[in-house]
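Written below as structure tokens is the structure these notes are about.
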Amino acid sequence: MGKRTARKGARPAPLSAGRVRAGWPGPAGTRIRLARVRDTDAADTLLDMAGVRLMPALRSAIETGTSASVLLAGLGGTTKTFFETAVLAFITQPMPESMSGISLPLVAVAQDEKVVGVLAVTAPGTIIEKALEHGYEPHRALTMGVAVAKVHGLAVAETARGQGLAAALLNRSWQVYEQLGFLVLYGSYDTERDLGAFYSRCGYTVLDPGQGFSLAPIDIPFGIHAGPNECVFTRWRRRR
Ligand SMILES: CC(C)(COP(=O)(O)OP(=O)(O)OC[C@H]1O[C@@H](n2cnc3c(N)ncnc32)[C@H](O)[C@@H]1OP(=O)(O)O)[C@@H](O)C(=O)NCCC(=O)NCCS
């Protein structure tokens with residue numbers, strides 16, 4: 001049989017849970033993988049530069065090895081089986097655990113396993129809260145989190161910047177969420193950080209300061225607002 005070569009523009013092979021746990025080779029000899037218990041302090045130290053920390057429930061989930069559990073379970077199946085697994089988790093687990101199960105904490109580690117980059121993508125807490133305010137049952141509100149995810153924090157150690165680590169972290173997270181059928185990833189930053197060019201290059205649409213966006217296109221009856229000094233960035237799944 002002839003050697004199999006990847007066609008130009010072909011879709012990458014589907015990801016498995018094992019791949020996300022073990023990771024991928026990253027830029028500059030790093031490895032990009034799911035955060036482990038020993039990474040949490042270093043991840044928080046880096047995230048401090050982005051003005052955030054790991055959410056307590058997500059930190060606990062990393063410590064017990066259950067972060068991203070719902071996402072990882074979903075990678076082995078179809079979008080439909082992912083949705084079913086997620087709804088079952090939402091019905092049977094408390095809300096913080098459910099939210100950690102659909103969150104993806106990734107780190108970039110150097111060859112000595114030192115954490116040099118971190119990206120925490122989480123369930124869209126603001127949207128879930130709004131759904132609860134609109135009278136949705138908790139498990140129904142949580143289903144917003146199988147369509148939308150939020151870039152909670154991204155940071156790279158000063159000594160490791162400019163080598164594409166942040167871009168690689170964002171790309172890997174997108175690959176996971178896209179495979180699972182998510183419709184949009186979004187986040188925001190303070191305008192003074194001036195990260196518009198960076199997020200645009202990473203495939204995101206950067207909105208004007210103070211501009212939010214509607215979720216009506218995906219039948220969610222509320223949107224995301226931005227403060228006057230806040231820039232929101234979005235990446236929508238392409239229609240097939
Ligand atoms: C923003 C940050 C995560 C980028 O990390 P990084 O690994 O250096 O980013 P990359 O190497 O993937 O950068 C990709 C490109 O964006 C550019 N870029 C990075 N940070 C930038 C910034 N603050 N302003 C403008 N451009 C920037 C890089 O120069 C690079 O450009 P190039 O491809 O033309 O060389 C890092 O600077 C950081 O940790 N900053 C402090 C925390 C922070 O602001 N986090 C984001 C909050 S939402």
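Ordered as shown in the structure tokens, chains take letters A, B, and onward, while each chain numbers its residues from 1 and ligands are numbered from 1 in the order shown.
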How close does each residue of chain A get to ligand 1, giving the shortest atom pair and distance in Å to one decimal for every residue with an atom at most 6 Å away, counting only C-alpha atoms and all ligand atoms, sorted by chain and residue number, as a Markdown table?
```
| residue | atom | partner | partner_atom_place_in_ligand_line | distance |
| --- | --- | --- | --- | --- |
| A:Met49 | CA | ligand 1 | 42 (C) | 4.7 |
| A:Ala50 | CA | ligand 1 | 42 (C) | 4.0 |
| A:Gly153 | CA | ligand 1 | 48 (S) | 5.7 |
| A:Leu154 | CA | ligand 1 | 45 (N) | 4.8 |
| A:Ala155 | CA | ligand 1 | 39 (O) | 3.3 |
| A:Val156 | CA | ligand 1 | 39 (O) | 3.8 |
| A:Arg161 | CA | ligand 1 | 8 (O) | 3.3 |
| A:Gly162 | CA | ligand 1 | 11 (O) | 3.4 |
| A:Gln163 | CA | ligand 1 | 11 (O) | 4.2 |
| A:Gly164 | CA | ligand 1 | 12 (O) | 3.2 |
| A:Leu165 | CA | ligand 1 | 7 (O) | 4.0 |
| A:Ala166 | CA | ligand 1 | 12 (O) | 3.8 |
| A:Ala167 | CA | ligand 1 | 12 (O) | 3.8 |
| A:Tyr189 | CA | ligand 1 | 48 (S) | 4.6 |
| A:Arg193 | CA | ligand 1 | 23 (N) | 5.9 |
| A:Asp194 | CA | ligand 1 | 24 (N) | 5.4 |
| A:Leu195 | CA | ligand 1 | 24 (N) | 4.7 |
| A:Ala197 | CA | ligand 1 | 26 (N) | 5.8 |
| A:Phe198 | CA | ligand 1 | 16 (O) | 4.0 |
```
Residue subset to file, keeping N, CA and C atoms, as a PDB file, in the first residue's frame:
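What landed in part.pdb:
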```
ATOM      1  N   MET A  49      -0.503  37.880  35.691  1.00  0.00           N
ATOM      2  CA  MET A  49      -0.098  38.926  34.735  1.00  0.00           C
ATOM      3  C   MET A  49      -1.259  39.312  33.826  1.00  0.00           C
ATOM      4  N   ALA A  50      -2.232  38.416  33.703  1.00  0.00           N
ATOM      5  CA  ALA A  50      -3.415  38.734  32.902  1.00  0.00           C
ATOM      6  C   ALA A  50      -4.531  39.267  33.794  1.00  0.00           C
ATOM      7  N   GLY A 153      -8.362  33.378  30.780  1.00  0.00           N
ATOM      8  CA  GLY A 153      -7.037  33.968  31.002  1.00  0.00           C
ATOM      9  C   GLY A 153      -5.983  33.320  30.131  1.00  0.00           C
ATOM     10  N   LEU A 154      -5.039  34.137  29.702  1.00  0.00           N
ATOM     11  CA  LEU A 154      -3.948  33.666  28.845  1.00  0.00           C
ATOM     12  C   LEU A 154      -2.694  34.422  29.263  1.00  0.00           C
ATOM     13  N   ALA A 155      -1.626  33.704  29.508  1.00  0.00           N
ATOM     14  CA  ALA A 155      -0.379  34.399  29.870  1.00  0.00           C
ATOM     15  C   ALA A 155       0.821  33.521  29.544  1.00  0.00           C
ATOM     16  N   VAL A 156       1.905  34.176  29.165  1.00  0.00           N
ATOM     17  CA  VAL A 156       3.160  33.500  28.843  1.00  0.00           C
ATOM     18  C   VAL A 156       4.265  34.177  29.659  1.00  0.00           C
ATOM     19  N   ARG A 161       8.214  34.776  25.733  1.00  0.00           N
ATOM     20  CA  ARG A 161       7.295  35.481  24.808  1.00  0.00           C
ATOM     21  C   ARG A 161       7.882  35.603  23.403  1.00  0.00           C
ATOM     22  N   GLY A 162       6.979  35.887  22.458  1.00  0.00           N
ATOM     23  CA  GLY A 162       7.393  36.164  21.085  1.00  0.00           C
ATOM     24  C   GLY A 162       7.806  34.918  20.314  1.00  0.00           C
ATOM     25  N   GLN A 163       7.485  33.742  20.832  1.00  0.00           N
ATOM     26  CA  GLN A 163       7.863  32.491  20.142  1.00  0.00           C
ATOM     27  C   GLN A 163       6.624  31.729  19.678  1.00  0.00           C
ATOM     28  N   GLY A 164       5.462  32.353  19.814  1.00  0.00           N
ATOM     29  CA  GLY A 164       4.232  31.709  19.337  1.00  0.00           C
ATOM     30  C   GLY A 164       3.546  30.811  20.351  1.00  0.00           C
ATOM     31  N   LEU A 165       3.958  30.892  21.624  1.00  0.00           N
ATOM     32  CA  LEU A 165       3.338  30.000  22.618  1.00  0.00           C
ATOM     33  C   LEU A 165       1.860  30.342  22.836  1.00  0.00           C
ATOM     34  N   ALA A 166       1.568  31.631  22.961  1.00  0.00           N
ATOM     35  CA  ALA A 166       0.172  32.028  23.210  1.00  0.00           C
ATOM     36  C   ALA A 166      -0.697  31.641  22.015  1.00  0.00           C
ATOM     37  N   ALA A 167      -0.178  31.869  20.814  1.00  0.00           N
ATOM     38  CA  ALA A 167      -0.951  31.513  19.616  1.00  0.00           C
ATOM     39  C   ALA A 167      -1.187  30.008  19.576  1.00  0.00           C
ATOM     40  N   TYR A 189     -10.328  41.810  26.902  1.00  0.00           N
ATOM     41  CA  TYR A 189      -9.120  42.333  27.564  1.00  0.00           C
ATOM     42  C   TYR A 189      -9.288  43.841  27.762  1.00  0.00           C
ATOM     43  N   ARG A 193      -4.170  47.051  27.210  1.00  0.00           N
ATOM     44  CA  ARG A 193      -3.239  45.961  26.863  1.00  0.00           C
ATOM     45  C   ARG A 193      -2.943  45.911  25.360  1.00  0.00           C
ATOM     46  N   ASP A 194      -3.803  46.532  24.564  1.00  0.00           N
ATOM     47  CA  ASP A 194      -3.503  46.685  23.129  1.00  0.00           C
ATOM     48  C   ASP A 194      -3.236  45.345  22.429  1.00  0.00           C
ATOM     49  N   LEU A 195      -4.128  44.394  22.658  1.00  0.00           N
ATOM     50  CA  LEU A 195      -3.907  43.048  22.125  1.00  0.00           C
ATOM     51  C   LEU A 195      -4.713  42.764  20.851  1.00  0.00           C
ATOM     52  N   ALA A 197      -4.150  43.338  17.613  1.00  0.00           N
ATOM     53  CA  ALA A 197      -3.402  42.713  16.511  1.00  0.00           C
ATOM     54  C   ALA A 197      -3.097  41.249  16.843  1.00  0.00           C
ATOM     55  N   PHE A 198      -2.773  41.005  18.100  1.00  0.00           N
ATOM     56  CA  PHE A 198      -2.450  39.645  18.534  1.00  0.00           C
ATOM     57  C   PHE A 198      -3.653  38.715  18.339  1.00  0.00           C
TER      58      PHE A 198
END
```
- Task: Run DSSP on the backbone and grab whatever in region 143-184 of chain A lands in strand (DSSP E or B); send it over as a ChimeraX atom specification.
- Result: /A:148-156,184
Per residue of region 111-201 of chain A within 9 Å of region 26-37 of chain A, which atom pair is closest and at what distance in Å (one decimal), using only C-alpha atoms, listed by chain and increasing number, as a Markdown table?
```
| residue | atom | partner | partner_atom | distance |
| --- | --- | --- | --- | --- |
| A:Gln111 | CA | A:Thr30 | CA | 6.2 |
| A:Glu113 | CA | A:Arg31 | CA | 8.5 |
| A:Val116 | CA | A:Thr30 | CA | 8.4 |
| A:Gly117 | CA | A:Ile32 | CA | 8.7 |
| A:Val118 | CA | A:Ala35 | CA | 8.4 |
| A:Ala160 | CA | A:Ala28 | CA | 8.7 |
| A:Gln163 | CA | A:Pro27 | CA | 6.5 |
| A:Gly164 | CA | A:Pro27 | CA | 6.3 |
| A:Leu165 | CA | A:Pro27 | CA | 6.1 |
| A:Ala168 | CA | A:Gly26 | CA | 6.8 |
| A:Leu169 | CA | A:Ile32 | CA | 6.9 |
| A:Arg172 | CA | A:Ile32 | CA | 8.1 |
```
- Determine, counting only C-alpha atoms, which protein, DNA and RNA residues have an atom within 12 Å of an atom of region 58-67 of chain A; residues of the same chain fewer than 5 positions away are not included. Present the result as an MDAnalysis selection string. chainID A and resid 17 20:21 34:44 53 72:73 95:107 120:123 152
